[in-house]
Each structure stands twice: as structure tokens, then as C-alpha cells.
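Student: So here's coords-v6.cif, just mmCIF, C-alpha atoms:
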```cif
data_input
loop_
_atom_site.label_atom_id
_atom_site.label_comp_id
_atom_site.auth_asym_id
_atom_site.auth_seq_id
_atom_site.Cartn_x
_atom_site.Cartn_y
_atom_site.Cartn_z
CA MET A 1 22.86 6.86 -70.14
CA ASP A 2 23.68 9.23 -67.25
CA LEU A 3 27.45 8.83 -67.68
CA ALA A 4 27.61 8.71 -71.47
CA GLY A 5 29.30 12.11 -71.68
CA ILE A 6 32.32 10.94 -69.65
CA ALA A 7 34.83 8.68 -71.38
CA ASP A 8 37.05 7.36 -68.59
CA PRO A 9 35.44 4.75 -66.29
CA VAL A 10 37.27 6.05 -63.22
CA GLU A 11 36.00 9.55 -63.95
CA GLN A 12 32.52 8.10 -64.40
CA TRP A 13 32.72 6.48 -60.98
CA GLU A 14 34.01 9.66 -59.36
CA ALA A 15 31.22 11.67 -60.98
CA MET A 16 28.69 9.33 -59.35
CA THR A 17 30.48 9.65 -56.02
CA ALA A 18 30.54 13.45 -56.33
CA VAL A 19 26.74 13.51 -56.69
CA ALA A 20 26.38 11.28 -53.62
CA LYS A 21 28.68 13.52 -51.59
CA ALA A 22 26.81 16.63 -52.70
CA ALA A 23 23.55 15.08 -51.50
CA ASP A 24 25.22 13.96 -48.28
CA ALA A 25 26.40 17.52 -47.61
CA GLY A 26 22.91 18.90 -48.15
CA SER A 27 19.57 18.08 -46.56
CA TRP A 28 18.54 15.16 -48.78
CA ASP A 29 17.19 12.11 -46.95
CA SER A 30 18.42 9.56 -49.46
CA ILE A 31 20.30 8.73 -52.65
CA TRP A 32 19.26 5.96 -55.05
CA LEU A 33 20.65 3.54 -57.60
CA PHE A 34 19.05 1.42 -60.31
CA ASP A 35 19.66 -2.34 -60.23
CA HIS A 36 20.54 -2.94 -63.88
CA PHE A 37 23.44 -4.50 -65.74
CA HIS A 38 22.65 -2.67 -68.99
CA THR A 39 21.32 0.76 -69.84
CA VAL A 40 17.54 1.10 -69.90
CA PRO A 41 15.15 0.95 -71.60
CA GLU A 42 17.40 -0.20 -74.45
CA PRO A 43 20.72 -2.04 -73.99
CA SER A 44 23.82 -0.19 -75.13
CA ARG A 45 27.56 -0.36 -74.54
CA GLU A 46 27.49 2.61 -72.17
CA THR A 47 28.68 2.17 -68.58
CA THR A 48 26.29 0.65 -66.03
CA PHE A 49 27.86 -0.09 -62.64
CA GLU A 50 26.61 -3.05 -60.62
CA CYS A 51 24.11 -1.87 -58.05
CA TRP A 52 25.06 -3.55 -54.78
CA THR A 53 28.78 -3.00 -55.31
CA ALA A 54 28.07 0.69 -55.82
CA THR A 55 25.71 0.77 -52.84
CA ALA A 56 28.43 -0.59 -50.56
CA ALA A 57 31.00 1.86 -51.92
CA LEU A 58 28.70 4.86 -51.52
CA ALA A 59 27.94 3.74 -47.97
CA ARG A 60 31.59 4.41 -47.19
CA ASP A 61 31.85 7.58 -49.31
CA THR A 62 29.01 9.24 -47.37
CA SER A 63 28.25 9.66 -43.70
CA ARG A 64 24.66 10.86 -43.29
CA VAL A 65 22.38 10.19 -46.24
CA ASN A 66 20.40 6.95 -46.61
CA ILE A 67 21.26 4.78 -49.62
CA GLY A 68 18.77 2.70 -51.58
CA GLN A 69 17.98 0.86 -54.79
CA MET A 70 14.81 1.50 -56.74
CA VAL A 71 14.62 -1.38 -56.98
CA GLY A 72 16.71 -4.51 -56.50
CA CYS A 73 15.73 -7.18 -59.04
CA ASN A 74 14.71 -10.36 -57.26
CA GLY A 75 15.69 -12.55 -60.18
CA TYR A 76 19.35 -11.55 -60.05
CA ARG A 77 20.16 -12.84 -56.56
CA ASN A 78 18.96 -15.73 -54.47
CA PRO A 79 16.89 -14.15 -51.68
CA ALA A 80 19.04 -15.64 -48.92
CA LEU A 81 22.08 -14.08 -50.58
CA TYR A 82 20.17 -10.79 -50.96
CA ALA A 83 19.35 -10.82 -47.24
CA LYS A 84 23.03 -11.41 -46.42
CA ILE A 85 24.28 -8.70 -48.78
CA ALA A 86 21.76 -6.19 -47.44
CA SER A 87 22.60 -7.00 -43.83
CA THR A 88 26.27 -6.44 -44.57
CA VAL A 89 25.67 -3.12 -46.31
CA ASP A 90 23.36 -1.98 -43.51
CA VAL A 91 26.27 -2.44 -41.10
CA ALA A 92 28.77 -0.83 -43.48
CA SER A 93 26.50 2.21 -43.74
CA HIS A 94 25.86 2.31 -39.97
CA GLY A 95 22.17 1.62 -40.55
CA ARG A 96 21.57 3.87 -43.55
CA LEU A 97 20.38 1.23 -46.04
CA TYR A 98 17.03 1.44 -47.83
CA ALA A 99 16.94 -2.07 -49.32
CA GLY A 100 14.84 -2.05 -52.48
CA ILE A 101 13.26 -5.19 -53.93
CA GLY A 102 10.98 -5.86 -56.90
CA ALA A 103 10.04 -8.68 -59.24
CA GLY A 104 12.06 -7.45 -62.23
CA TRP A 105 10.98 -6.68 -65.79
CA TYR A 106 13.95 -6.28 -68.18
CA GLU A 107 13.72 -9.43 -70.30
CA HIS A 108 16.76 -8.72 -72.47
CA GLU A 109 18.95 -8.22 -69.43
CA TRP A 110 17.83 -11.46 -67.75
CA LYS A 111 18.56 -13.50 -70.87
CA ALA A 112 21.84 -11.72 -71.63
CA TYR A 113 23.22 -12.66 -68.22
CA GLY A 114 21.98 -16.22 -68.39
CA TYR A 115 18.95 -15.93 -66.12
CA GLU A 116 15.90 -17.89 -67.17
CA TRP A 117 13.07 -15.52 -68.09
CA PRO A 118 9.95 -16.86 -66.31
CA GLU A 119 6.34 -16.15 -67.08
CA LEU A 120 4.84 -13.27 -65.09
CA LYS A 121 3.00 -15.57 -62.68
CA ASP A 122 6.26 -17.34 -61.86
CA ARG A 123 8.20 -14.09 -61.45
CA MET A 124 5.56 -12.87 -59.05
CA GLY A 125 5.39 -16.20 -57.22
CA ALA A 126 9.16 -16.17 -56.75
CA PHE A 127 9.00 -12.53 -55.64
CA ARG A 128 6.40 -13.41 -53.00
CA GLU A 129 8.52 -16.21 -51.58
CA ALA A 130 11.73 -14.16 -51.74
CA THR A 131 10.24 -11.26 -49.80
CA GLU A 132 9.17 -13.56 -47.00
CA ILE A 133 12.61 -15.20 -46.85
CA ILE A 134 14.42 -11.85 -46.75
CA TYR A 135 12.18 -10.49 -44.02
CA ARG A 136 12.46 -13.62 -41.91
CA MET A 137 16.25 -13.78 -42.26
CA TRP A 138 16.36 -10.23 -40.89
CA THR A 139 14.02 -10.95 -37.99
CA GLU A 140 14.41 -14.64 -37.06
CA ASP A 141 17.04 -17.28 -36.36
CA ASP A 142 17.09 -20.74 -37.93
CA VAL A 143 14.67 -19.92 -40.73
CA VAL A 144 13.26 -22.95 -42.54
CA PHE A 145 11.36 -22.37 -45.78
CA ASP A 146 10.41 -24.89 -48.45
CA GLY A 147 8.55 -23.21 -51.27
CA LYS A 148 7.89 -23.75 -54.94
CA TYR A 149 10.70 -21.45 -56.04
CA TYR A 150 13.10 -21.21 -53.09
CA SER A 151 14.09 -23.13 -50.01
CA VAL A 152 16.35 -22.30 -47.08
CA ASP A 153 17.39 -24.52 -44.19
CA LYS A 154 18.50 -22.54 -41.14
CA PRO A 155 20.87 -20.06 -42.80
CA ILE A 156 22.99 -18.13 -40.32
CA ASN A 157 22.68 -14.43 -41.07
CA GLU A 158 24.84 -12.58 -38.58
CA PRO A 159 24.83 -9.72 -38.16
CA LYS A 160 21.30 -9.13 -39.38
CA GLY A 161 21.99 -5.41 -39.75
CA VAL A 162 22.03 -2.47 -37.36
CA ARG A 163 18.87 -0.50 -38.18
CA LYS A 164 16.10 -1.46 -35.78
CA PRO A 165 13.99 -3.49 -35.91
CA HIS A 166 15.62 -4.58 -39.20
CA PRO A 167 17.02 -3.08 -42.41
CA SER A 168 14.44 -0.86 -44.11
CA LEU A 169 12.64 -2.79 -46.87
CA TRP A 170 11.34 -0.76 -49.83
CA ILE A 171 9.10 -2.73 -52.19
CA GLY A 172 8.68 -1.33 -55.69
CA GLY A 173 5.65 -1.80 -57.92
CA GLY A 174 1.91 -1.38 -57.76
CA GLY A 175 0.51 -4.82 -58.53
CA PRO A 176 -2.66 -5.15 -56.44
CA ASN A 177 -2.67 -8.91 -55.89
CA VAL A 178 0.97 -9.59 -54.99
CA THR A 179 3.17 -6.51 -54.62
CA LEU A 180 0.91 -4.30 -52.53
CA LYS A 181 -0.04 -7.27 -50.35
CA LEU A 182 3.67 -7.84 -49.71
CA VAL A 183 4.06 -4.18 -48.76
CA ALA A 184 1.26 -4.53 -46.21
CA GLN A 185 2.82 -7.68 -44.77
CA TYR A 186 6.54 -6.91 -44.86
CA GLY A 187 7.37 -3.51 -46.32
CA ASP A 188 8.61 -0.39 -44.63
CA ALA A 189 7.90 1.53 -47.81
CA ALA A 190 6.23 1.24 -51.20
CA ASN A 191 7.16 2.89 -54.47
CA ILE A 192 4.16 3.52 -56.69
CA GLY A 193 2.67 5.66 -59.38
CA GLY A 194 5.63 7.28 -61.10
CA GLY A 195 4.41 10.68 -59.92
CA ASN A 196 0.99 10.24 -61.55
CA PRO A 197 -1.67 11.45 -59.08
CA ASP A 198 -4.42 9.21 -60.47
CA VAL A 199 -2.27 6.09 -60.15
CA ILE A 200 -1.09 7.11 -56.69
CA ARG A 201 -4.70 7.48 -55.49
CA GLU A 202 -5.62 4.09 -56.92
CA LYS A 203 -2.65 2.23 -55.48
CA THR A 204 -2.69 3.83 -52.04
CA ALA A 205 -6.37 2.94 -51.70
CA ILE A 206 -5.57 -0.70 -52.51
CA LEU A 207 -2.66 -0.67 -50.08
CA ARG A 208 -4.84 0.75 -47.34
CA GLY A 209 -7.31 -2.10 -47.88
CA HIS A 210 -4.56 -4.72 -47.64
CA CYS A 211 -3.30 -3.11 -44.44
CA GLU A 212 -6.77 -3.34 -42.92
CA THR A 213 -6.95 -7.01 -43.90
CA VAL A 214 -3.67 -7.95 -42.19
CA GLY A 215 -3.98 -5.51 -39.28
CA ARG A 216 -1.09 -3.28 -40.38
CA ASP A 217 -0.92 0.43 -39.57
CA TYR A 218 -1.17 2.05 -43.00
CA ASP A 219 0.47 5.23 -41.75
CA SER A 220 3.58 3.29 -40.69
CA ILE A 221 4.39 2.60 -44.36
CA VAL A 222 6.19 5.20 -46.47
CA LYS A 223 4.33 5.78 -49.75
CA SER A 224 7.04 6.94 -52.17
CA THR A 225 6.75 7.93 -55.79
CA GLY A 226 9.18 9.01 -58.49
CA VAL A 227 9.42 12.35 -60.27
CA ASN A 228 11.74 12.84 -63.25
CA ALA A 229 12.61 16.53 -63.42
CA PHE A 230 15.12 18.90 -64.94
CA PRO A 231 15.03 22.48 -63.57
CA ILE A 232 15.43 25.45 -65.90
CA ASP A 233 14.91 29.18 -65.48
CA ALA A 234 11.86 30.98 -66.81
CA GLY A 235 12.50 31.98 -70.39
CA ASP A 236 15.21 29.39 -71.02
CA ASP A 237 15.10 27.38 -74.23
CA PRO A 238 14.36 23.87 -72.87
CA LYS A 239 16.13 22.11 -75.71
CA LYS A 240 19.27 24.18 -75.36
CA ALA A 241 19.26 24.04 -71.56
CA THR A 242 19.15 20.24 -71.55
CA ASP A 243 21.67 19.70 -74.33
CA ARG A 244 24.44 18.15 -72.22
CA ALA A 245 22.10 16.28 -69.90
CA ARG A 246 20.41 14.56 -72.87
CA GLY A 247 23.63 13.16 -74.26
CA PRO A 248 22.78 10.66 -77.01
CA VAL A 249 19.08 10.57 -76.03
CA ASN A 250 16.95 12.40 -78.58
CA TRP A 251 14.94 15.44 -77.59
CA GLU A 252 11.54 13.83 -78.15
CA LYS A 253 12.24 10.97 -75.74
CA PHE A 254 14.00 13.15 -73.18
CA SER A 255 11.21 15.70 -73.07
CA SER A 256 8.53 13.00 -72.79
CA ASP A 257 10.34 11.19 -69.96
CA ASN A 258 11.18 14.26 -67.86
CA LEU A 259 9.41 17.35 -66.57
CA ILE A 260 11.53 20.21 -67.89
CA GLY A 261 10.40 23.31 -66.05
CA THR A 262 10.99 25.97 -63.46
CA GLU A 263 11.28 25.15 -59.78
CA ASP A 264 7.68 26.37 -59.37
CA GLN A 265 6.48 23.99 -62.08
CA ILE A 266 8.34 21.06 -60.54
CA ALA A 267 6.89 21.96 -57.14
CA LEU A 268 3.38 21.79 -58.58
CA LYS A 269 4.09 18.25 -59.78
CA VAL A 270 5.32 17.28 -56.31
CA GLU A 271 2.35 18.91 -54.63
CA ALA A 272 -0.08 16.97 -56.83
CA ALA A 273 1.64 13.69 -55.95
CA LEU A 274 1.54 14.45 -52.22
CA GLU A 275 -2.11 15.47 -52.34
CA ALA A 276 -2.89 12.17 -54.08
CA GLY A 277 -1.46 10.17 -51.18
CA ALA A 278 2.31 9.97 -51.61
CA ASP A 279 4.39 11.15 -48.67
CA TYR A 280 7.91 10.71 -50.08
CA VAL A 281 9.32 11.74 -53.46
CA ILE A 282 12.38 10.27 -55.15
CA PHE A 283 13.72 12.63 -57.83
CA TYR A 284 15.50 11.43 -60.92
CA VAL A 285 17.47 14.38 -62.28
CA PRO A 286 19.28 13.76 -65.57
CA GLY A 287 22.56 15.57 -65.97
CA VAL A 288 23.68 15.69 -62.33
CA ALA A 289 26.91 13.90 -63.29
CA TYR A 290 27.89 17.03 -65.23
CA ASP A 291 26.35 19.76 -63.09
CA LEU A 292 26.18 19.44 -59.30
CA ASP A 293 24.18 22.68 -59.13
CA LEU A 294 21.21 20.56 -60.23
CA VAL A 295 21.39 18.74 -56.89
CA THR A 296 21.00 22.04 -55.07
CA ARG A 297 18.30 23.39 -57.37
CA VAL A 298 16.04 20.39 -56.95
CA GLU A 299 16.82 20.38 -53.23
CA GLN A 300 15.28 23.84 -53.03
CA VAL A 301 12.07 22.37 -54.46
CA ALA A 302 12.10 19.54 -51.93
CA LYS A 303 12.65 21.95 -49.03
CA ARG A 304 9.31 23.58 -49.78
CA PHE A 305 7.63 20.40 -48.53
CA ALA A 306 9.86 19.64 -45.56
#
```
Please lay out the structure from this file as C-alpha cells.

Tutor:
Amino acid sequence: MDLAGIADPVEQWEAMTAVAKAADAGSWDSIWLFDHFHTVPEPSRETTFECWTATAALARDTSRVNIGQMVGCNGYRNPALYAKIASTVDVASHGRLYAGIGAGWYEHEWKAYGYEWPELKDRMGAFREATEIIYRMWTEDDVVFDGKYYSVDKPINEPKGVRKPHPSLWIGGGGPNVTLKLVAQYGDAANIGGGNPDVIREKTAILRGHCETVGRDYDSIVKSTGVNAFPIDAGDDPKKATDRARGPVNWEKFSSDNLIGTEDQIALKVEAALEAGADYVIFYVPGVAYDLDLVTRVEQVAKRFA
């Protein structure tokens, strides 16, 4: 619902681009997109741009900042196609791609677009195979894979990308038996915990154990987490201050989904996440499409931890 307050689709697109350019001009490491066809968590007729198309466009609208998806839905693209798309965008961005991948969860969206909605065990099994295929297509020639869910027979993926040793693979989710094992085997980064320190501690401990099992350097993996935050000044009325950013979302949901507070209060949330084991924070800031000053305000919080 981030663009619901803008009527014209071209203006919506340019608002997104303006946020990306503002981040690119600042000190942010990265900008992020969701991989959804509909609004979340409920479908509506509001604008939702396709993720990889937007990623490629923003790669050319920016020059410095890394560009990622949190996360790409495995079920929406054959993994060999995903590997090819990501390799192309990595080149287009001059090596600035953070390629996000996850198993997917939005049942309504899958069915609406004609994708079969598998049981969880099958979604995770397909996710496991897909991650291996993607990684191997970035690192090997003449890949042959014959699995339960996918098969490839020597696909030619040239160029494989320009970031070395391969495009950066960010794996989202905290499942202990599949997802975090895949991070230990193939991932450059994990995304876990949603900013909750207790969950971050739990998941990073599991990830560390998987790294020990496979002989992976735990410290070589980025442990990212998400923080939803809207900065206000001390003494501001939170409801009034967030009026435009909320759009059609009611106050109760907006205030439960986002930390609405001063920069000091947001910094405390970040500090707790970092102390719990995260080392990278991805901020979701509602309302940036209407107020680019929010990009700068949250950047000031992030700079405290640089």
C-alpha cells in the first residue's frame, strides 16, 4: 500500500525511483523490493510493480547503492530462469545485486496467478533444489541436475554476473531444517527474526551450528534482520504524524506493524537486534514515497552504528 496515495501509475513509478535515488545519494548500503504481484498481507487493486523488472530499472537509475529483493519467491520463476535473470541484473548494475530468494508463503497470490499451491514440505523441497541449481549455475559450467522438483541439463549461463566470486545470494527465512542449512551451504546472507532479539538469538545459534557441520565460516555470512520504523519528533502526536503514510491502512494495524518513535527509540530497537546477533539491518519506512526526508532521518539512525 506504499503508493496508494498517488493516483497516476507513472507518478507512482517516479516516486519509487526518487526514493532509490535519495538512498543512492546518501550513505545507504542497499535498497530493497518485495517480490509480490499483489499488495500484502491482503490483496487489493492498489499498484504493485513486478519485482525483477523494477530491480533492473533501479539498477540503471542508481550508480552506487546495492539493490536487493527481500525476498524473491522461488515458486514464481524456474530456478534456472532465476539464475539467468539475476546474472543479467548483476551485470546491468555493475555488480550491485543482492539476489534474494525464499520459499514463498502468499497462497492467494500463487493461486491467482495460476501457480499450483504445494504443501509446505513440497515448497521447502523445491526451495532446497532451486537454491542448489541457482548457486551452481553461478559457479559452474555444464550443470546437470535431476531432482524431484527440478531438472537442468547443461544450461549455458553467460555471463554469470560480475560480482566475485558470484552474485550475492541472500536467503530469507529462519526455518531450522531447510532454510538455515541452505544459508550455511550457499548463502552470502540470511534474513531472520524481523528485528525480534529473542528470535535473532535463536536463529543465529542454529545457523552457527549448521556452519560448523558443513565447515563454513559463520562470520562470512551476513546476518540481516528487518526493522519497520517511522520516525517522529518527541512530543508529536503519532496518529497525526503518520496520517499520510498510513493511507488506507487503519491506525491499529499501522501502529502494531511499525515502531513509531523518535530516532533515539528506533536506535534502541536497532541496538537490541545487533546485540542479539544481527549485523545488518534492513529498514522498512512507510511513507517515503511522499516524504524523502524520512530517508535522511532514518539514515541518521543507521549512521550511529556505522

Student: Could you give me, as a VMD selection string, the residues within 9 Å of A:Val143, counting only C-alpha atoms and dropping anything in the same chain fewer than 2 positions from it?

Tutor: chain A and resid 133 136 to 137 140 to 141 145 152 to 156

Student: When the PyMOL selection byres ((chain A and resi 23-31) around 9) is applied to the file above, which residues end up in the set, as a PyMOL selection string?

Tutor: chain A and resi 18-22+32-33+62-69+96+98+282+295-296+299+302-303

Student: Please list, as a ChimeraX atom specification, the residues that have an atom at most 12 Å away from (5.3, 10.4, -57.9) in the coordinates of this file, counting only C-alpha atoms.

Tutor: /A:190-201,203-204,223-229,259,266-284

Student: Please report, as AutoDock Vina command-line options, the centre and edge lengths in Å to one decimal of an axis-aligned box covering all listed atoms of stretch 212-221 of chain A with 8 Å per side.

Tutor:
```
--center_x -1.3 --center_y -1.4 --center_z -41.8 --size_x 27.3 --size_y 29.2 --size_z 21.1
```

Student: With only C-alpha atoms as the counted atoms, please give the residues lying no more than 9 Å from A:Ala289, apart from itself and same-chain residues fewer than 5 positions off, as an MDAnalysis selection string.

Tutor: chainID A and resid 2:3 5:6 12 15:16 18:19 245

Student: For stretch 39-52 of chain A, please output as a PDB file with C-alpha atoms, in the coordinates of the input all residues within 7 Å (counting only C-alpha atoms; exclusion window: fewer than 4 positions along the same chain).

Tutor:
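Final output, saved to around.pdb:
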```pdb
ATOM      1  CA  MET A   1      22.860   6.860 -70.140  1.00  0.00           C
ATOM      2  CA  LEU A   3      27.450   8.830 -67.680  1.00  0.00           C
ATOM      3  CA  ALA A   4      27.610   8.710 -71.470  1.00  0.00           C
ATOM      4  CA  LEU A  33      20.650   3.540 -57.600  1.00  0.00           C
ATOM      5  CA  PHE A  34      19.050   1.420 -60.310  1.00  0.00           C
ATOM      6  CA  ASP A  35      19.660  -2.340 -60.230  1.00  0.00           C
ATOM      7  CA  ALA A  56      28.430  -0.590 -50.560  1.00  0.00           C
TER       8      ALA A  56
END
```

Student: Contacts between stretch 76-92 of chain A and stretch 126-206 of chain A, please, where a residue of stretch 126-206 of chain A counts if it comes within 10 Å (with only C-alpha atoms); show its shortest atom pair and distance in Å to one decimal, rows by chain and ascending number, as JSON lines.

Tutor:
```
{"residue": "A:Ala126", "atom": "CA", "partner": "A:Pro79", "partner_atom": "CA", "distance": 9.5}
{"residue": "A:Phe127", "atom": "CA", "partner": "A:Pro79", "partner_atom": "CA", "distance": 9.0}
{"residue": "A:Glu129", "atom": "CA", "partner": "A:Pro79", "partner_atom": "CA", "distance": 8.6}
{"residue": "A:Ala130", "atom": "CA", "partner": "A:Pro79", "partner_atom": "CA", "distance": 5.2}
{"residue": "A:Thr131", "atom": "CA", "partner": "A:Pro79", "partner_atom": "CA", "distance": 7.5}
{"residue": "A:Glu132", "atom": "CA", "partner": "A:Pro79", "partner_atom": "CA", "distance": 9.0}
{"residue": "A:Ile133", "atom": "CA", "partner": "A:Pro79", "partner_atom": "CA", "distance": 6.5}
{"residue": "A:Ile134", "atom": "CA", "partner": "A:Ala83", "partner_atom": "CA", "distance": 5.1}
{"residue": "A:Tyr135", "atom": "CA", "partner": "A:Ala83", "partner_atom": "CA", "distance": 7.9}
{"residue": "A:Arg136", "atom": "CA", "partner": "A:Ala83", "partner_atom": "CA", "distance": 9.1}
{"residue": "A:Met137", "atom": "CA", "partner": "A:Ala83", "partner_atom": "CA", "distance": 6.6}
{"residue": "A:Trp138", "atom": "CA", "partner": "A:Ala83", "partner_atom": "CA", "distance": 7.0}
{"residue": "A:Tyr150", "atom": "CA", "partner": "A:Pro79", "partner_atom": "CA", "distance": 8.1}
{"residue": "A:Ser151", "atom": "CA", "partner": "A:Ala80", "partner_atom": "CA", "distance": 9.0}
{"residue": "A:Val152", "atom": "CA", "partner": "A:Ala80", "partner_atom": "CA", "distance": 7.4}
{"residue": "A:Pro155", "atom": "CA", "partner": "A:Ala80", "partner_atom": "CA", "distance": 7.8}
{"residue": "A:Ile156", "atom": "CA", "partner": "A:Lys84", "partner_atom": "CA", "distance": 9.1}
{"residue": "A:Asn157", "atom": "CA", "partner": "A:Lys84", "partner_atom": "CA", "distance": 6.2}
{"residue": "A:Glu158", "atom": "CA", "partner": "A:Ser87", "partner_atom": "CA", "distance": 8.0}
{"residue": "A:Pro159", "atom": "CA", "partner": "A:Ser87", "partner_atom": "CA", "distance": 6.7}
{"residue": "A:Lys160", "atom": "CA", "partner": "A:Ser87", "partner_atom": "CA", "distance": 5.1}
{"residue": "A:Gly161", "atom": "CA", "partner": "A:Ser87", "partner_atom": "CA", "distance": 4.4}
{"residue": "A:Val162", "atom": "CA", "partner": "A:Val91", "partner_atom": "CA", "distance": 5.7}
{"residue": "A:Arg163", "atom": "CA", "partner": "A:Asp90", "partner_atom": "CA", "distance": 7.1}
{"residue": "A:His166", "atom": "CA", "partner": "A:Ser87", "partner_atom": "CA", "distance": 8.7}
{"residue": "A:Pro167", "atom": "CA", "partner": "A:Asp90", "partner_atom": "CA", "distance": 6.5}
{"residue": "A:Ser168", "atom": "CA", "partner": "A:Asp90", "partner_atom": "CA", "distance": 9.0}
{"residue": "A:Leu169", "atom": "CA", "partner": "A:Ala86", "partner_atom": "CA", "distance": 9.7}
```

Student: With only C-alpha atoms as the counted atoms, please give the residues lying no more than 7 Å from A:Cys73, apart from itself and same-chain residues fewer than 4 positions off, as a list in words.

Tutor: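 Residues meeting the cut-off are Asp35, Ile101, Gly102, Ala103 and Gly104 of chain A.
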
Student: Quick one, how far is atom CA of A:Ala306 from atom CA of A:Asp257?

Tutor: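 A separation of 25.8 Å between them.
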
Student: Which one is closest to A:Val285: A:Trp170, A:Gln265, A:Phe230, A:Ile260? Count only C-alpha atoms.

Tutor: A:Phe230

Student: Please write C-alpha atoms of stretch 72-131 of chain A, from the structure given just now, as an mmCIF file, in the first residue's frame.

Tutor:
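Below you can see selection24.cif, which holds the result:
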```
data_model
loop_
_atom_site.group_PDB
_atom_site.id
_atom_site.type_symbol
_atom_site.label_atom_id
_atom_site.label_comp_id
_atom_site.auth_asym_id
_atom_site.auth_seq_id
_atom_site.Cartn_x
_atom_site.Cartn_y
_atom_site.Cartn_z
ATOM 1 C CA GLY A 72 12.395 -13.441 -4.348
ATOM 2 C CA CYS A 73 9.668 -16.096 -4.305
ATOM 3 C CA ASN A 74 11.040 -19.391 -5.584
ATOM 4 C CA GLY A 75 7.655 -20.557 -6.790
ATOM 5 C CA TYR A 76 7.262 -17.718 -9.289
ATOM 6 C CA ARG A 77 10.267 -18.496 -11.502
ATOM 7 C CA ASN A 78 12.016 -21.660 -12.558
ATOM 8 C CA PRO A 79 15.375 -21.585 -10.741
ATOM 9 C CA ALA A 80 17.386 -21.773 -13.962
ATOM 10 C CA LEU A 81 15.478 -18.731 -15.207
ATOM 11 C CA TYR A 82 16.030 -17.018 -11.842
ATOM 12 C CA ALA A 83 19.779 -17.641 -12.119
ATOM 13 C CA LYS A 84 19.783 -16.155 -15.631
ATOM 14 C CA ILE A 85 17.732 -13.104 -14.640
ATOM 15 C CA ALA A 86 19.923 -12.449 -11.617
ATOM 16 C CA SER A 87 23.123 -12.817 -13.627
ATOM 17 C CA THR A 88 21.811 -10.299 -16.141
ATOM 18 C CA VAL A 89 20.812 -7.786 -13.480
ATOM 19 C CA ASP A 90 24.142 -8.210 -11.708
ATOM 20 C CA VAL A 91 25.851 -7.108 -14.920
ATOM 21 C CA ALA A 92 23.358 -4.293 -15.525
ATOM 22 C CA SER A 93 24.050 -2.981 -12.014
ATOM 23 C CA HIS A 94 27.835 -3.408 -12.391
ATOM 24 C CA GLY A 95 27.848 -5.985 -9.595
ATOM 25 C CA ARG A 96 25.444 -4.311 -7.182
ATOM 26 C CA LEU A 97 22.809 -7.062 -6.962
ATOM 27 C CA TYR A 98 21.745 -8.655 -3.679
ATOM 28 C CA ALA A 99 19.723 -11.574 -5.065
ATOM 29 C CA GLY A 100 17.063 -12.574 -2.551
ATOM 30 C CA ILE A 101 15.414 -15.999 -2.533
ATOM 31 C CA GLY A 102 12.857 -17.690 -0.287
ATOM 32 C CA ALA A 103 10.289 -20.465 -0.409
ATOM 33 C CA GLY A 104 7.227 -18.204 -0.659
ATOM 34 C CA TRP A 105 4.121 -18.000 1.514
ATOM 35 C CA TYR A 106 1.324 -15.940 -0.094
ATOM 36 C CA GLU A 107 -1.229 -18.609 -1.023
ATOM 37 C CA HIS A 108 -3.776 -16.264 -2.582
ATOM 38 C CA GLU A 109 -1.159 -14.773 -4.878
ATOM 39 C CA TRP A 110 0.118 -18.158 -6.072
ATOM 40 C CA LYS A 111 -3.380 -19.334 -6.950
ATOM 41 C CA ALA A 112 -4.434 -16.016 -8.505
ATOM 42 C CA TYR A 113 -1.556 -16.194 -10.975
ATOM 43 C CA GLY A 114 -2.095 -19.834 -11.782
ATOM 44 C CA TYR A 115 0.721 -21.350 -9.733
ATOM 45 C CA GLU A 116 -0.062 -24.610 -8.005
ATOM 46 C CA TRP A 117 -0.015 -24.148 -4.222
ATOM 47 C CA PRO A 118 2.071 -27.052 -2.833
ATOM 48 C CA GLU A 119 2.117 -28.410 0.677
ATOM 49 C CA LEU A 120 4.819 -26.906 2.901
ATOM 50 C CA LYS A 121 7.101 -29.932 2.597
ATOM 51 C CA ASP A 122 6.985 -29.658 -1.191
ATOM 52 C CA ARG A 123 7.569 -25.897 -1.181
ATOM 53 C CA MET A 124 10.600 -26.424 1.015
ATOM 54 C CA GLY A 125 11.828 -29.372 -1.049
ATOM 55 C CA ALA A 126 11.575 -27.300 -4.226
ATOM 56 C CA PHE A 127 13.306 -24.399 -2.473
ATOM 57 C CA ARG A 128 16.199 -26.664 -1.474
ATOM 58 C CA GLU A 129 16.694 -27.903 -5.025
ATOM 59 C CA ALA A 130 16.287 -24.429 -6.528
ATOM 60 C CA THR A 131 18.937 -22.898 -4.288
#
```
